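Here's the structure, in structure tokens; my notes come after.
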Amino acid sequence: MQFIDLAFQQKQLKSSIEKNIAQVLNHGAYIMGPEISDLEKRLSNYVGVEHGISCSSGTDALLLALMAYGVGPGDAIFVPSFTFIATAEVISILGATPVFVDIDPETFNIDPGKLEQAIEAALSNDASLHPLPRQKTQSAGLNPRGIIAVDLFGLTADYDKISTIAQKSSLFVIEDAAQSFGAENQSKKSCALADIACTSFFPAKPLGCYGDGGMCFTDNSELAVIMQSLRVHGKGSHKYDNERIGINGRLDTLQAAILLAKFDIFPEEVAARQQVAERYKILFSKSTDICPPKTPAGLKSVWAQYSLLAKDQSHRRSIQQNLKEYNIPSAVYYPNPLHFQTAFSPLEYQIGDLPISEDYSQRIFSIPMHPYLTLDDQNRVAEAILNCR
Ligand SMILES: *Cc1c(COP(=O)(O)O)cnc(C)c1O
């Protein structure tokens with residue numbers, strides 16, 4: 001049993017992937033070939049946003065978005081602590097400071113109430129309202145600029161509340177949609193929920209290529225032009241006229257060609273993922289020990305991961321051991337919240353600062369999840385987990 005079965009998917013698509021790759025080899029436009037704008041148009045149509053700007057990874061998509069806003073030293077960007085390092089590293093690489101916020105216990109996404117407290121704390125430089133990076137508060141203070149909300153495991157964050165909070169303090173909102181391309185929030189699709197959305201085509205994501213890739217989405221034409229420039233060294237109207245400092249952040253034409261083939265069956269895969277998730281939900285509903293994920297009304301997760309909470313760390317350990325004995329892969333996303341990462345130790349966060357993220361990192365684990373998982377396999381996964389006390 002595979003955690004994510006990319007080989008099976010490739011079998012379904014082999015001829016169209018090979019045809020698309022052959023086309024690129026024939027026309028030879030390896031950089032910014034015609035497949036790039038094709039893909040940008042198809043994906044931005046799908047999510048219902050004006051501009052899609054493809055780029056070299058989900059991380060670079062986040063970086064381009066922050067660069068478009070001119071984020072730099074002294075700026076504070078609010079992010080959940082329970083996420084992948086990329087969400088926060090792009091803030092620090094620009095010299096700005098991440099302010100970590102705890103998650104909602106049901107959705108695993110940034111808690112809007114805590115977010116509001118964190119913004120208030122930064123504005124008034126008062127860490128008694130919400131934990132702040134200790135190192136920074138001693139100096140000049142922090143200038144709140146924006147929020148990066150994460151759609152963890154494929155479930156979109158609460159953008160209604162987040163945008164209202166952002167507007168009050170004139171902050172921008174970026175949607176880290178690396179795990180949620182294909183998800184829905186009320187009548188909107190993921191990637192259409194904030195000022196800029198950033199997704200990833202890392203192979204294991206819901207829509208993955210065969211290498212690194214990403215895309216920014218926005219309805220704001222000014223920001224789109226800036227991000228298009230930033231991804232090609234800050235180019236202006238002429239190739240060797242550079243208007244700003246940028247990066248080499250383009251998506252490869254070959255990866256776009258592969259994504260175009262994969263996108264043809266993507267809506268069916270999203271439906272299949274939903275079916276797999278519903279079967280898991282039924283299998284785990286009998287358990288009093290294991291807590292299956294909850295989906296708030298009006299939201300549709302794309303189930304990038306199917307993550308469960310064990311009772312405690314030792315329960316998780318025995319579950320993972322049992323799964324291993326059944327030859328079933330499992331993983332922990334994430335074993336260490338970002339405010340405890342060594343790279344962020346200069347911010348001097350302390351144990352107890354963000355209790356839900358800290359607790360969940362000890363108890364959470366993820367099980368096989370992909371569109372081609374069979375009911376038989378799911379029964380075995382459930383058996384291995386529910387046999388564990
Ligand atoms: C995967 C991921 C990223 C980074 O995407 P890459 O394409 O690997 O650079 C960013 N944020 C989250 C939440 C992710 O899961």
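Each chain in the structure tokens gets a letter, A, B, ..., in the order shown, and its residues are numbered from 1; ligands are numbered from 1 in order too.
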Test item: residues lying within 10 Å of ligand 1 with only C-alpha atoms and all ligand atoms, as a count of residues only:
50
So which residues of segment 122-300 of chain A fall under helix (DSSP H, G or I) by DSSP, listed as a ChimeraX atom specification?
/A:122-123,134-138,152-154,159-168,221-230,253-264,266-285
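Separating atom CA of Gly72 of chain A from atom CA of Ile245 of chain A is a distance of 13.0 Å.
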Per DSSP on the backbone, what are the strand (DSSP E) residues of segment 58-283 of chain A, as a ChimeraX atom specification?
/A:75-80,97-101,143-150,172-176,184-185,188-189,196-200,214-218
Write a file of the just-selected residues containing C-alpha atoms, as a CSV table (one decimal), in the first residue's frame.
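Okay, this is what ended up in out_17.csv:
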```csv
chain,number,residue,atom,x,y,z
A,75,ASP,CA,7.5,44.0,9.3
A,76,ALA,CA,5.5,41.5,11.2
A,77,ILE,CA,3.6,38.7,9.3
A,78,PHE,CA,1.1,36.6,11.2
A,79,VAL,CA,1.3,32.8,10.5
A,80,PRO,CA,0.0,29.6,12.2
A,97,THR,CA,9.5,38.6,11.5
A,98,PRO,CA,7.0,35.8,11.8
A,99,VAL,CA,4.5,36.2,14.6
A,100,PHE,CA,3.2,32.7,15.4
A,101,VAL,CA,-0.5,32.1,16.1
A,143,ASN,CA,4.9,46.7,12.2
A,144,PRO,CA,2.0,44.5,11.3
A,145,ARG,CA,1.8,44.1,7.5
A,146,GLY,CA,0.1,40.9,6.6
A,147,ILE,CA,-1.3,37.5,7.4
A,148,ILE,CA,-0.4,34.2,5.7
A,149,ALA,CA,-3.2,31.7,6.5
A,150,VAL,CA,-2.6,28.1,5.6
A,172,PHE,CA,-2.9,42.0,3.4
A,173,VAL,CA,-4.0,38.3,3.4
A,174,ILE,CA,-2.0,35.6,1.6
A,175,GLU,CA,-3.6,32.1,1.2
A,176,ASP,CA,-1.0,29.4,1.6
A,184,GLU,CA,-13.9,24.6,-1.8
A,185,ASN,CA,-15.0,27.2,0.6
A,188,LYS,CA,-15.4,29.7,-4.0
A,189,LYS,CA,-12.5,27.5,-4.8
A,196,ILE,CA,-2.9,36.5,-3.3
A,197,ALA,CA,-3.0,32.7,-3.1
A,198,CYS,CA,0.0,30.5,-3.5
A,199,THR,CA,-0.1,26.8,-4.4
A,200,SER,CA,2.5,24.1,-4.9
A,214,GLY,CA,4.0,26.5,-7.9
A,215,MET,CA,1.6,29.2,-8.8
A,216,CYS,CA,0.4,32.6,-7.4
A,217,PHE,CA,-3.2,33.6,-8.0
A,218,THR,CA,-4.6,37.1,-7.7
```
Residues of segment 158-254 of chain A at most 10 Å from segment 118-142 of chain A: nearest atom pair and distance in Å, only C-alpha atoms, as JSON lines:
```
{"residue": "A:Ile165", "atom": "CA", "partner": "A:Ile119", "partner_atom": "CA", "distance": 9.0}
{"residue": "A:Ala166", "atom": "CA", "partner": "A:Ile119", "partner_atom": "CA", "distance": 9.1}
{"residue": "A:Ser169", "atom": "CA", "partner": "A:Ile119", "partner_atom": "CA", "distance": 8.3}
{"residue": "A:Leu171", "atom": "CA", "partner": "A:Ile119", "partner_atom": "CA", "distance": 9.8}
```
Would you write out those residues with N, CA and C atoms, as a short mmCIF file (atom, residue, chain, number, x, y, z; two decimals), in the first residue's frame?
```
data_model
loop_
_atom_site.label_atom_id
_atom_site.label_comp_id
_atom_site.auth_asym_id
_atom_site.auth_seq_id
_atom_site.Cartn_x
_atom_site.Cartn_y
_atom_site.Cartn_z
N ILE A 165 -10.77 40.74 10.03
CA ILE A 165 -9.72 41.12 10.98
C ILE A 165 -8.63 41.89 10.24
N ALA A 166 -8.26 41.41 9.05
CA ALA A 166 -7.19 42.05 8.27
C ALA A 166 -7.57 43.48 7.89
N SER A 169 -7.04 46.38 10.38
CA SER A 169 -5.70 46.93 10.57
C SER A 169 -4.97 47.12 9.24
N LEU A 171 -4.23 45.07 6.82
CA LEU A 171 -3.22 44.04 6.54
C LEU A 171 -3.60 43.29 5.26
#
```
What lies within 12 Å of segment 257-265 of chain A using only C-alpha atoms, ignoring chain neighbours under 5 positions off, as a count of residues only?
58
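Going from atom CA of Thr295 of chain A to atom CA of Ala331 of chain A covers 21.1 Å.
Atom pair atom CA of Ser81 of chain A / atom CA of Leu338 of chain A has a distance of 4.9 Å (rounded to one decimal).
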Minimum-distance residue to Glu278 of chain A, chosen among A:Leu375, A:Thr156, A:Val332, A:Val71 (using only C-alpha atoms)
A:Leu375
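Nearest-residue note for Ser163 of chain A: choosing from A:Pro335, A:Pro112, A:Pro296, A:Pro346, the minimum distance belongs to A:Pro112, counting only C-alpha atoms.
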